[in-house]
Each structure stands twice: as structure tokens, then as C-alpha cells.
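Just run14.txt here, compact mmCIF, C-alpha atoms and all ligand atoms:
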# COMPACT_ATOMS: atom_id res chain seq x y z
CA MET Q 1 -15.06 21.48 13.51
CA ASN Q 2 -17.35 20.22 10.80
CA ALA Q 3 -14.74 18.16 8.94
CA PRO Q 4 -16.06 14.70 8.05
CA ASP Q 5 -14.37 11.78 9.83
CA ARG Q 6 -11.61 10.30 7.70
CA PHE Q 7 -12.75 6.76 8.42
CA GLU Q 8 -15.87 7.52 6.34
CA LEU Q 9 -13.56 6.68 3.44
CA PHE Q 10 -13.55 2.95 4.20
CA VAL Q 11 -15.96 2.07 7.04
CA LEU Q 12 -19.36 0.90 5.84
CA PRO Q 13 -22.01 2.50 8.12
CA ASP Q 14 -24.80 0.39 9.65
CA GLY Q 15 -27.73 -0.19 7.30
CA VAL Q 16 -25.79 0.73 4.15
CA LYS Q 17 -25.43 -1.95 1.50
CA LYS Q 18 -21.97 -2.62 0.12
CA LEU Q 19 -23.41 -3.35 -3.30
CA THR Q 20 -26.63 -2.35 -5.04
CA ILE Q 21 -27.73 -3.41 -8.51
CA THR Q 22 -29.97 -1.12 -10.59
CA PRO Q 23 -31.12 -2.63 -13.90
CA ASP Q 24 -31.07 -0.15 -16.77
CA THR Q 25 -34.58 0.84 -17.90
CA LYS Q 26 -33.60 1.84 -21.43
CA ILE Q 27 -30.73 -0.45 -22.48
CA PRO Q 28 -31.24 -4.22 -22.66
CA ASN Q 29 -28.96 -6.46 -20.54
CA ALA Q 30 -27.46 -3.49 -18.78
CA ALA Q 31 -27.14 -2.59 -15.12
CA THR Q 32 -25.46 -0.10 -12.81
CA PHE Q 33 -23.66 -1.40 -9.73
CA LYS Q 34 -23.06 0.98 -6.85
CA ILE Q 35 -20.21 -0.14 -4.63
CA GLU Q 36 -19.81 1.67 -1.32
CA LYS Q 37 -16.55 2.56 0.45
CA GLU Q 38 -14.28 1.47 -2.38
CA ASP Q 39 -12.14 3.43 -4.84
CA HIS Q 40 -10.08 3.16 -8.05
CA THR Q 41 -8.15 0.21 -6.56
CA LEU Q 42 -11.14 -2.11 -6.95
CA ALA Q 43 -13.08 -0.23 -9.63
CA ASN Q 44 -10.35 -0.22 -12.26
CA MET Q 45 -9.47 -3.87 -11.63
CA LEU Q 46 -13.12 -4.87 -12.12
CA ARG Q 47 -13.55 -2.74 -15.22
CA MET Q 48 -10.44 -4.15 -16.92
CA GLN Q 49 -11.37 -7.73 -16.04
CA LEU Q 50 -14.94 -7.24 -17.34
CA LEU Q 51 -13.58 -5.93 -20.64
CA GLU Q 52 -11.69 -9.21 -21.11
CA ASP Q 53 -15.04 -11.04 -21.23
CA PRO Q 54 -16.29 -11.41 -24.84
CA LYS Q 55 -19.89 -11.34 -23.55
CA VAL Q 56 -19.40 -7.90 -22.04
CA LEU Q 57 -20.35 -5.19 -24.52
CA PHE Q 58 -19.64 -2.29 -22.20
CA ALA Q 59 -17.92 -1.82 -18.85
CA GLY Q 60 -17.00 1.49 -17.31
CA TYR Q 61 -16.76 3.07 -13.88
CA LYS Q 62 -16.75 6.49 -12.31
CA MET Q 63 -16.37 8.02 -8.90
CA PRO Q 64 -19.07 10.69 -9.09
CA HIS Q 65 -17.60 13.02 -6.46
CA PRO Q 66 -14.33 13.09 -4.50
CA LEU Q 67 -16.20 13.60 -1.22
CA ASP Q 68 -18.48 10.59 -1.78
CA HIS Q 69 -16.74 7.31 -1.11
CA TYR Q 70 -18.36 5.02 -3.63
CA PHE Q 71 -18.09 4.23 -7.33
CA ILE Q 72 -20.60 3.21 -9.95
CA LEU Q 73 -19.89 0.49 -12.47
CA LYS Q 74 -21.99 0.25 -15.64
CA VAL Q 75 -22.06 -3.07 -17.46
CA GLN Q 76 -23.88 -4.20 -20.60
CA THR Q 77 -23.71 -7.81 -21.74
CA THR Q 78 -24.93 -9.94 -24.63
CA PRO Q 79 -28.50 -11.36 -24.17
CA ASP Q 80 -27.29 -14.87 -23.17
CA THR Q 81 -25.95 -13.66 -19.82
CA THR Q 82 -26.54 -10.91 -17.23
CA PRO Q 83 -24.37 -8.05 -15.95
CA ALA Q 84 -24.44 -9.57 -12.44
CA HIS Q 85 -23.22 -12.89 -13.81
CA ALA Q 86 -20.46 -11.20 -15.79
CA LEU Q 87 -19.37 -9.28 -12.69
CA GLY Q 88 -19.35 -12.51 -10.70
CA ASN Q 89 -17.09 -14.11 -13.31
CA ALA Q 90 -14.79 -11.08 -13.32
CA ILE Q 91 -14.43 -11.22 -9.52
CA THR Q 92 -13.70 -14.98 -9.64
CA GLU Q 93 -11.01 -14.43 -12.28
CA LEU Q 94 -9.43 -11.64 -10.24
CA ILE Q 95 -9.42 -13.72 -7.06
CA GLN Q 96 -7.59 -16.43 -9.01
CA THR Q 97 -5.13 -13.94 -10.48
CA VAL Q 98 -4.29 -12.42 -7.09
CA GLY Q 99 -4.09 -15.89 -5.53
CA ALA Q 100 -1.68 -17.05 -8.24
CA MET Q 101 0.34 -13.87 -7.86
CA LYS Q 102 0.62 -14.46 -4.10
CA ASN Q 103 1.71 -18.08 -4.60
CA LYS Q 104 4.36 -17.06 -7.11
CA PHE Q 105 5.59 -14.36 -4.76
CA GLU Q 106 5.81 -16.77 -1.83
CA MET Q 107 7.67 -19.32 -3.95
CA ASP Q 108 10.22 -16.82 -5.19
CA LEU Q 109 10.57 -15.44 -1.68
CA ILE Q 110 11.95 -18.78 -0.46
CA ARG Q 111 14.57 -18.65 -3.21
CA ALA Q 112 15.38 -14.97 -2.60
CA ARG Q 113 15.72 -15.50 1.18
CA ALA Q 114 18.06 -18.44 0.66
CA PHE Q 115 20.12 -16.33 -1.71
CA GLU Q 116 20.34 -13.38 0.71
CA GLU Q 117 21.29 -15.76 3.53
CA ALA Q 118 24.03 -17.37 1.45
CA LYS Q 119 25.36 -13.90 0.73
CA SER Q 120 25.47 -12.82 4.39
CA ASN Q 121 26.76 -16.15 5.84
CA PRO Q 122 29.44 -17.36 3.43
CA VAL Q 123 30.48 -20.98 3.93
CA GLY Q 124 33.62 -22.65 2.56
CA ASP Q 125 36.75 -20.98 1.19
CA ALA Q 126 36.83 -17.79 -0.84
CA ASP Q 127 37.42 -19.48 -4.23
CA ASP Q 128 34.44 -21.71 -3.74
CA LEU Q 129 32.29 -18.72 -2.82
CA SER Q 130 33.17 -16.60 -5.82
CA SER Q 131 32.53 -19.40 -8.28
CA HIS Q 132 29.28 -20.21 -6.49
CA ASN Q 133 27.74 -16.78 -6.14
CA VAL Q 134 28.76 -14.94 -9.27
CA ASP Q 135 26.95 -17.28 -11.62
CA MET Q 136 23.79 -17.35 -9.63
CA ASP Q 137 20.87 -16.32 -11.79
CA PHE Q 138 19.14 -13.52 -9.97
CA MET H 139 -7.63 -16.22 -17.69
CA ASP H 140 -7.82 -13.82 -20.60
CA MET H 141 -6.04 -14.21 -23.90
CA PHE H 142 -3.20 -11.81 -23.01
CA ASN H 143 -2.35 -13.18 -19.61
CA ALA H 144 -2.86 -16.92 -20.07
CA GLY H 145 -0.94 -18.91 -17.47
CA GLY H 146 -1.36 -16.27 -14.77
CA PRO H 147 1.03 -13.79 -13.23
CA GLU H 148 4.75 -14.40 -12.67
CA VAL H 149 6.93 -12.93 -9.94
CA SER H 150 10.70 -12.60 -9.88
CA ILE H 151 12.38 -11.02 -6.86
CA ARG H 152 15.45 -9.00 -7.85
CA SER H 153 16.62 -7.85 -4.43
CA LEU H 154 15.51 -8.35 -0.88
CA LYS H 155 16.89 -6.15 1.88
CA LYS H 156 15.92 -5.35 5.46
CA ASP H 157 13.70 -2.41 4.54
CA SER H 158 13.49 -2.42 0.76
CA MET H 159 12.94 -4.84 -2.10
CA LYS H 160 12.68 -4.99 -5.87
CA PHE H 161 10.66 -7.45 -7.91
CA VAL H 162 9.31 -7.90 -11.40
CA LEU H 163 5.65 -8.71 -11.83
CA SER H 164 4.73 -10.00 -15.28
CA ASN H 165 1.88 -11.49 -17.24
CA CYS H 166 -0.87 -9.55 -15.51
CA ASP H 167 -2.98 -6.52 -16.26
CA LEU H 168 -1.83 -3.00 -15.42
CA SER H 169 -4.92 -2.53 -13.25
CA VAL H 170 -3.89 -5.44 -11.00
CA ALA H 171 -0.31 -4.19 -10.66
CA ASN H 172 -1.62 -0.72 -9.86
CA ALA H 173 -4.11 -2.09 -7.33
CA LEU H 174 -1.22 -3.86 -5.57
CA ARG H 175 0.72 -0.59 -5.46
CA ARG H 176 -2.27 1.34 -4.13
CA VAL H 177 -3.06 -1.25 -1.45
CA MET H 178 0.58 -1.33 -0.26
CA ILE H 179 0.55 2.45 0.15
CA ALA H 180 -2.86 3.00 1.69
CA GLU H 181 -4.49 -0.15 3.02
CA VAL H 182 -1.93 -2.27 4.87
CA PRO H 183 -2.53 -1.65 8.61
CA THR H 184 0.28 -0.57 10.92
CA MET H 185 0.62 0.99 14.37
CA ALA H 186 1.10 4.73 14.92
CA ILE H 187 0.68 7.16 17.80
CA ASP H 188 -2.84 8.57 17.61
CA MET H 189 -3.45 10.22 20.99
CA VAL H 190 -1.04 12.16 23.20
CA GLU H 191 -1.72 13.24 26.79
CA ILE H 192 0.77 15.90 27.78
CA GLU H 193 1.38 16.27 31.49
CA SER H 194 4.21 18.78 31.34
CA ASN H 195 5.77 20.64 28.44
CA THR H 196 8.17 23.49 29.08
CA THR H 197 10.09 22.97 25.83
CA VAL H 198 10.19 25.52 23.02
CA LEU H 199 7.69 23.50 20.95
CA THR H 200 3.94 23.66 21.51
CA ASP H 201 1.94 20.63 22.66
CA GLU H 202 0.28 20.11 19.25
CA PHE H 203 3.62 20.49 17.44
CA ILE H 204 5.09 17.68 19.57
CA ALA H 205 1.94 15.55 19.25
CA HIS H 206 2.16 15.84 15.45
CA ARG H 207 5.83 14.85 15.46
CA LEU H 208 5.10 11.84 17.68
CA GLY H 209 2.41 10.63 15.27
CA MET H 210 4.95 10.49 12.44
CA ILE H 211 7.36 8.17 14.26
CA PRO H 212 7.23 4.68 12.70
CA LEU H 213 6.43 1.91 15.19
CA THR H 214 7.27 -1.76 14.67
CA SER H 215 4.07 -3.39 13.41
CA PHE H 216 4.96 -6.99 12.51
CA ASP H 217 2.52 -8.16 15.21
CA VAL H 218 -0.31 -5.80 14.16
CA ASP H 219 -2.76 -8.66 13.45
CA ARG H 220 -2.98 -9.27 17.21
CA ILE H 221 -4.34 -5.75 17.81
CA GLN H 222 -7.92 -4.72 17.05
CA TYR H 223 -9.14 -1.51 15.48
CA THR H 224 -10.68 0.68 18.23
CA ARG H 225 -13.89 1.03 16.17
CA ASP H 226 -14.30 -2.79 16.32
CA CYS H 227 -13.37 -2.98 20.01
CA THR H 228 -15.79 -3.20 22.92
CA CYS H 229 -14.12 -0.29 24.72
CA THR H 230 -15.06 3.37 24.24
CA LEU H 231 -11.74 5.17 23.95
CA TYR H 232 -8.85 2.69 24.16
CA CYS H 233 -7.88 -0.50 25.95
CA PRO H 234 -5.03 -3.07 25.86
CA ASN H 235 -6.83 -4.98 23.05
CA CYS H 236 -6.80 -2.03 20.66
CA SER H 237 -3.88 0.14 21.74
CA VAL H 238 -0.32 0.30 23.05
CA GLU H 239 0.86 2.87 25.56
CA LEU H 240 4.17 4.68 25.22
CA THR H 241 5.54 7.14 27.75
CA LEU H 242 8.19 9.81 27.61
CA HIS H 243 9.71 11.74 30.47
CA VAL H 244 12.79 13.90 30.04
CA LYS H 245 13.90 16.60 32.47
CA VAL H 246 17.12 18.51 31.95
CA ASN H 247 18.66 19.52 35.26
CA VAL H 248 20.42 22.81 35.79
CA ASP H 249 24.06 22.32 36.73
CA ILE H 250 25.56 25.65 37.81
CA ASP H 251 29.16 24.63 37.04
CA GLU H 252 28.26 23.38 33.58
CA MET H 253 26.15 26.47 32.87
CA ASN H 254 29.19 28.70 33.21
CA ASP H 255 31.31 26.50 30.92
CA ALA H 256 30.62 27.58 27.33
CA THR H 257 32.57 24.60 25.97
CA ILE H 258 29.94 22.09 27.18
CA ASP H 259 26.99 21.48 24.88
CA LYS H 260 23.98 21.72 27.15
CA THR H 261 21.37 20.85 24.51
CA ARG H 262 19.50 17.62 25.22
CA HIS H 263 18.18 15.89 22.09
CA VAL H 264 14.88 14.17 22.90
CA THR H 265 14.47 11.35 20.39
CA SER H 266 12.42 8.27 19.57
CA ILE H 267 14.63 6.20 21.92
CA ASP H 268 13.27 8.21 24.86
CA LEU H 269 9.81 6.75 24.13
CA ILE H 270 9.24 3.79 26.46
CA SER H 271 6.71 1.28 25.13
CA SER H 272 4.55 -0.98 27.28
CA ASP H 273 4.62 -3.59 24.51
CA GLU H 274 7.83 -5.21 23.29
CA SER H 275 6.40 -5.78 19.79
CA VAL H 276 5.29 -2.16 19.27
CA LYS H 277 8.11 0.34 19.75
CA PRO H 278 9.76 3.09 17.71
CA VAL H 279 11.77 1.81 14.75
CA THR H 280 15.42 2.02 15.77
CA ASP H 281 17.57 0.23 13.25
CA ASP H 282 20.15 2.99 13.58
CA LYS H 283 20.79 3.67 17.29
CA ALA H 284 23.23 6.45 16.41
CA HIS H 285 20.57 8.41 14.50
CA PRO H 286 17.22 8.06 16.22
CA ILE H 287 14.33 10.35 15.24
CA LEU H 288 14.59 13.78 16.84
CA ILE H 289 11.43 14.99 18.59
CA VAL H 290 12.59 18.18 20.31
CA LYS H 291 15.80 19.81 21.57
CA MET H 292 15.80 20.81 25.23
CA ARG H 293 17.84 23.16 27.41
CA PRO H 294 18.58 22.97 31.16
CA GLY H 295 15.48 23.58 33.29
CA GLN H 296 13.02 22.30 30.70
CA GLU H 297 10.80 19.24 31.08
CA LEU H 298 8.67 17.09 28.81
CA LYS H 299 6.38 14.44 30.25
CA LEU H 300 3.70 12.73 28.20
CA LYS H 301 1.76 9.55 27.49
CA CYS H 302 1.07 8.35 23.95
CA ILE H 303 -1.61 5.95 22.77
CA ALA H 304 -0.62 4.06 19.62
CA LYS H 305 -3.44 2.60 17.58
CA LYS H 306 -3.87 0.34 14.60
CA GLY H 307 -4.89 2.11 11.41
CA VAL H 308 -4.54 2.40 7.65
CA ALA H 309 -3.02 5.19 5.55
CA LYS H 310 -6.42 5.91 3.97
CA GLU H 311 -7.18 7.59 7.30
CA HIS H 312 -3.80 9.26 7.79
CA ALA H 313 -0.49 8.85 5.93
CA LYS H 314 1.31 8.15 9.23
CA TRP H 315 -0.11 4.60 9.04
CA SER H 316 1.50 3.86 5.69
CA PRO H 317 4.01 0.99 5.95
CA VAL H 318 5.95 2.29 2.95
CA TYR H 319 8.01 5.39 2.32
CA GLY H 320 7.69 4.81 -1.38
CA VAL H 321 6.59 2.38 -4.03
CA ALA H 322 8.20 2.83 -7.43
CA PHE H 323 6.47 1.17 -10.34
CA GLU H 324 7.72 1.19 -13.91
CA TYR H 325 6.60 -0.54 -17.09
CA ASP H 326 7.49 -0.25 -20.76
CA PRO H 327 10.87 1.53 -20.25
CA TYR H 328 11.22 2.17 -24.01
CA ASN H 329 7.75 3.79 -24.09
CA LYS H 330 6.72 1.54 -26.99
CA LEU H 331 3.10 1.81 -25.85
CA ARG H 332 3.26 5.63 -25.95
CA HIS H 333 1.71 5.87 -22.48
CA SER H 334 4.28 8.57 -21.67
CA HIS H 335 4.66 11.85 -23.49
CA TYR H 336 8.17 13.24 -23.08
CA TRP H 337 8.78 16.97 -23.24
CA ILE H 338 11.55 17.42 -25.79
CA GLU H 339 13.45 20.04 -27.80
CA GLU H 340 14.34 17.76 -30.72
CA SER H 341 14.49 14.06 -29.93
CA VAL H 342 13.56 11.72 -27.07
CA GLU H 343 16.69 9.56 -27.57
CA SER H 344 19.21 12.35 -27.02
CA GLU H 345 17.34 14.20 -24.28
CA TRP H 346 15.97 11.48 -22.02
CA PHE H 347 18.01 8.70 -20.45
CA VAL H 348 16.72 5.14 -20.65
CA SER H 349 15.84 3.43 -17.36
CA PRO H 350 18.09 0.54 -16.20
CA ASN H 351 15.02 -1.71 -16.47
CA ALA H 352 15.26 -1.37 -20.26
CA GLN H 353 18.03 -3.99 -20.16
CA GLU H 354 15.31 -6.57 -19.65
CA GLU H 355 13.35 -5.56 -22.75
CA THR H 356 13.98 -5.61 -26.50
CA PRO H 357 14.75 -2.15 -27.89
CA PRO H 358 12.15 -0.76 -30.30
CA ASP H 359 12.70 -1.24 -34.02
CA PRO H 360 12.32 2.22 -35.66
CA ASN H 361 10.82 0.62 -38.79
CA GLU H 362 8.18 -1.27 -36.85
CA PRO H 363 4.64 0.17 -37.11
CA PHE H 364 2.91 1.16 -33.87
CA ASP H 365 1.22 -1.85 -32.28
CA TYR H 366 -2.09 -0.52 -31.01
CA ASN H 367 -3.03 -3.93 -29.55
CA ALA H 368 0.06 -4.13 -27.36
CA LYS H 369 -0.39 -4.16 -23.60
CA PRO H 370 2.11 -3.68 -20.79
CA GLU H 371 3.63 -6.99 -19.70
CA LYS H 372 6.34 -6.44 -17.13
CA TYR H 373 6.05 -4.23 -14.07
CA TYR H 374 9.24 -3.28 -12.25
CA MET H 375 8.19 -2.76 -8.66
CA GLU H 376 10.40 -1.32 -5.94
CA LEU H 377 9.39 -0.52 -2.39
CA GLU H 378 10.95 0.93 0.71
CA THR H 379 9.35 0.49 4.11
CA SER H 380 9.49 2.74 7.15
CA GLY H 381 11.05 -0.19 9.03
CA CYS H 382 7.72 -1.01 10.68
CA MET H 383 7.63 -4.40 8.94
CA LYS H 384 9.58 -6.41 6.38
CA PRO H 385 9.08 -5.33 2.74
CA GLU H 386 8.02 -8.85 1.70
CA ASP H 387 5.38 -8.82 4.44
CA VAL H 388 3.98 -5.55 3.11
CA VAL H 389 3.56 -7.18 -0.32
CA LEU H 390 2.02 -10.36 1.08
CA ARG H 391 -0.35 -8.47 3.36
CA ALA H 392 -1.38 -6.24 0.44
CA MET H 393 -2.16 -9.30 -1.68
CA THR H 394 -4.25 -10.80 1.15
CA ILE H 395 -6.15 -7.51 1.45
CA MET H 396 -6.85 -7.58 -2.29
CA GLN H 397 -8.17 -11.14 -1.97
CA ASP H 398 -10.39 -10.16 0.98
CA LYS H 399 -11.69 -7.12 -0.87
CA LEU H 400 -12.67 -9.20 -3.90
CA GLY H 401 -13.97 -12.11 -1.82
CA GLY H 402 -16.15 -9.79 0.24
CA LEU H 403 -17.66 -8.29 -2.89
CA GLN H 404 -18.28 -11.75 -4.36
CA ILE H 405 -20.37 -12.66 -1.27
CA LYS H 406 -22.36 -9.40 -1.44
CA LEU H 407 -23.00 -9.94 -5.15
CA ASP H 408 -24.24 -13.50 -4.55
CA ASP H 409 -26.53 -12.20 -1.76
CA GLU H 410 -27.94 -9.53 -4.09
CA VAL H 411 -28.52 -11.95 -6.97
CA THR H 412 -30.17 -14.68 -4.87
CA GLY H 413 -32.18 -12.00 -2.97
CA GLU H 414 -33.41 -10.64 -6.29
CA ALA H 415 -34.39 -14.14 -7.44
CA GLN H 416 -36.35 -14.71 -4.23
CA ARG H 417 -38.18 -11.40 -4.56
CA TRP H 418 -39.33 -12.40 -8.04
CA GLY H 419 -40.28 -15.85 -6.79
CA TYR H 420 -38.00 -18.05 -8.91
ZN ZN U 1 -10.32 -1.31 22.93
Since I need it in another form, could you write the structure as C-alpha cells?
Amino acid sequence: MNAPDRFELFVLPDGVKKLTITPDTKIPNAATFKIEKEDHTLANMLRMQLLEDPKVLFAGYKMPHPLDHYFILKVQTTPDTTPAHALGNAITELIQTVGAMKNKFEMDLIRARAFEEAKSNPVGDADDLSSHNVDMDF
Amino acid sequence: MDMFNAGGPEVSIRSLKKDSMKFVLSNCDLSVANALRRVMIAEVPTMAIDMVEIESNTTVLTDEFIAHRLGMIPLTSFDVDRIQYTRDCTCTLYCPNCSVELTLHVKVNVDIDEMNDATIDKTRHVTSIDLISSDESVKPVTDDKAHPILIVKMRPGQELKLKCIAKKGVAKEHAKWSPVYGVAFEYDPYNKLRHSHYWIEESVESEWFVSPNAQEETPPDPNEPFDYNAKPEKYYMELETSGCMKPEDVVLRAMTIMQDKLGGLQIKLDDEVTGEAQRWGY
């Protein structure tokens, strides 16, 4: 069988760089990032976050071929910054966003677990329970 | 934080059950919500049977047919962090650090008296509860003892004896490692953003029902002009697990994986940038 191993989709082989930066030879303040063993999950998040940056003039990505497991990200910025710096800022912002999202989820989880527990282990008489649970904001 | 999502994302859990949950994610970009969905489906590691050594199989199903069915059986994976990936392990094929062994041995005896009695059902259902695990934390999901997962039906005189090796993996490699049976994800139930194009005879309103999530949003004003700057705000997420782990753990693990993915790239980018600076002698 000559089928490629499926782990080639996400395992970075020895000697291959996760990220390479190629400055654009024709466009000022532009570069192409090649990111290995990643897909739309990361690429689209980075692209959208880069586009929120007013110093980013262009940000776009593509996965050149479905059998190659990398994507390229093209970024052009204003002259007072660099594409690598803009990408660094975008990643920092995303880490903060996901971190905040995780904290919010964990916080609401405590409330949701308490609510589910109260529902499965009712305490007190029936009247008390109905008046207690029905109005609960869920 | 960008101008649209100032203040960061918000989460509100709407229901939390043993193997499913619903929550609303708001104040974040569509790409982040979609990344969360994609990571939950394909990148949260679980345990699944990956190798099967068949010692005896006189059932009506072929060895590879049974091996395939065994791979699909969800295994409890709440303790998956303890187990290593085989590719990161020091062993060559498998060892206790990177695998769990499960065995199955069923032999249906021939009883002459029973054989002649047509009223007795002689079919033996071999199911996931016949799989004996060597590890208490990794065993077939059996929340419903009355309806375990059927592997093969056997008749008197037949035997099935095998050894399974369960390994840690992600659904990017094979869907059997996915912790979720489904992740539903809806936004903009009134289609104000025109991201959906409904097939209609005459009108959308009379031919398409509105999702229950629309109760949480303001209905569109027909006189309002199209807002081409509008962005999706609320994402109604719903997930159902295979029972291998709690739904909230799937979400939390997915978020951690997203953080690791981004953090890893940040380090590589810093290395590249400082390396570049050194090459140019700054
Ligand atoms: Zn090992």
C-alpha cells in the first residue's frame, strides 16, 4: 500500500520548521508565512485577527493543496511595523481571547453544575422547590 | 481586543447533561467559534482500539470486519492525559505507557437438548460488555447496560477469541478517536447577515421555520436597510459526546488545545524573528 500515513496531517517531521517567513520581493512591508501541519482551524483565526489590526493592509491565507498539510499566510502592513510583528500581536490577542473564553466557561460551569445538582437532589418540601427552581434564570 | 468584540467573549451554559450540553458563546469572532468547533471534533485526544490480534474466529464475520467494528466502540477516556501517544513513547509497537489491552473470549457450547427445541433462542449476542479491559479507567462506554454495542451474533459451536490494543489518538487520524458524535453550531437565526441562501418557491417566511434560538434575538425590521458592517455576535453551540468523557471536559480540553496551538506558534515566530535579527547582525 502506498497510502500516506494519516499522522502526516499533524506530526511535524524532524528537521522541518513549523514556521518560515519569506519577505516579499516586490511589495513593501509584505511577507508570506508558511505554517506546517496546521489547517483552517488556525489559519482562519489568524487571518480574521490580523484584519482587525488597522496597521494590516492585507491578510489572507490559502491551503495550496489538500494533500499538503500546511497553509500560507500573506500579510502586508503599513511601513511603521512589520508583518512578523503584526502576526505576533494577532497571536497574543487570540491567546487572550481563548483564555478569557475558557475562564468564562469555567465560571459558568460552576453555576450550571450547581443548578443541575439542585435539580437532581431536591431539598425541602415540594412548594419550596417549585418556587425556587421555576424562577431560576437559566 | 478589536472594536467589535471589546470586553472579550461571554459564555452562558443553557443545559448540561451527562453526555450532551448547550451553551451560547457571544462577543467573539466567527473564526474563533468555528475553531472551537473544529478542535472539539478533530483534535481532542481519546482512546480507541487500534490493533486487534485474533486468535480464533469461527463466527460469520471476517476478522477485518470484526476488527473494524471493535475500533468504533467508544472507550472511556477521562484519564487520557495519563497515556502517551505511541509515536512519543520509547517502545516500538506498544507498552503499558501508551496502550491499554482489552480481551474478548466467547464460545457458544452445543447443547443437544436445546438444539432440538425450536422455542429456545440459541443466538448469542457478543457485545461491548464482553470486552474485558486491563485498565479500570479505559473500558467500553456502557451507560446503558441493557443495550450494549453489538459486535457479532454467534450460534452454538462458534468461538471468538481476540486481544485488542487501545491507543490514544485524535480524530484527524481516524474519526473513531472523535470525542463527539456531533457539534451543532448556529448563529444569526433570522439570517439578517444573509450568510444563508434559502431555496424558496415564493417567500422565506412561509416556507422555512425559524430556529428556537431566534427567541434570543430581535426579529428583523423589514424597513431596515441591509447592514453590511454587521457581524455575527451570538453562537448557539450544542454538542453530544460518545460517552467517552463529559461534554464540558471536551470543551475545556478543546480550549486548552487552541491555547497550546497559538502559544506554540508564538514561540516559533519569536525564534524566527530573533534568528533573523541575529543573521543580519542587529
Ligand atoms: Zn509505549
**Report entry** Distance criterion (all atoms listed in the file): nearest to chain H out of Q:Thr20, Q:Thr32, Q:Thr77, Q:Asn121
**Finding:**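 Smallest separation from chain H among the options: Q:Thr20.
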Requested in this report: Write out as a count of residues only every residue belonging to chain Q that has an atom at most 7 Å from any atom of chain H, counting all atoms listed in the file.
Outcome: 23
Query raised in the report: atom CA of H:Glu193 and atom CA of H:Ile267 are how many Å apart?
Result: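 Calculated distance between atom CA of H:Glu193 and atom CA of H:Ile267 is 19.2 Å.
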Requested in this report: Give the residue list for ligand ZN 1 (chain U) at 7 Å, counting only C-alpha atoms and all ligand atoms, as a list of chain:residue names, sorted by chain and then by residue number.
Outcome: H:Thr224, H:Cys227, H:Thr228, H:Cys229, H:Thr230, H:Leu231, H:Tyr232, H:Cys233, H:Pro234, H:Asn235, H:Cys236, H:Ser237
Query raised in the report: Which value, in Å to one decimal, gives the distance between atom CA of H:Thr184 and atom CA of H:Gln222?
Result: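 Distance reported for this atom pair: 11.0 Å.
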Query raised in the report: How many Å separate atom CA of H:Lys314 from atom CA of H:Tyr374?
Result: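 Taking atom CA of H:Lys314 as the start and atom CA of H:Tyr374 as the end point, the length is 25.6 Å.
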Any chance you could work out the axis-aligned box around stretch 63-69 of chain Q, listed atoms only, 6 Å on each side, giving centre and edge lengths in Å to one decimal, as lines of an AutoDock Vina configuration file?
center_x = -16.7
center_y = 10.5
center_z = -5.1
size_x = 16.7
size_y = 18.3
size_z = 20.0
Report task. Have a look at H:Val318, H:Val388, H:Met159, H:Ile303 and name the one nearest to H:Met189; count only C-alpha atoms. Result ->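 Closest residue, counting only C-alpha atoms: H:Ile303.
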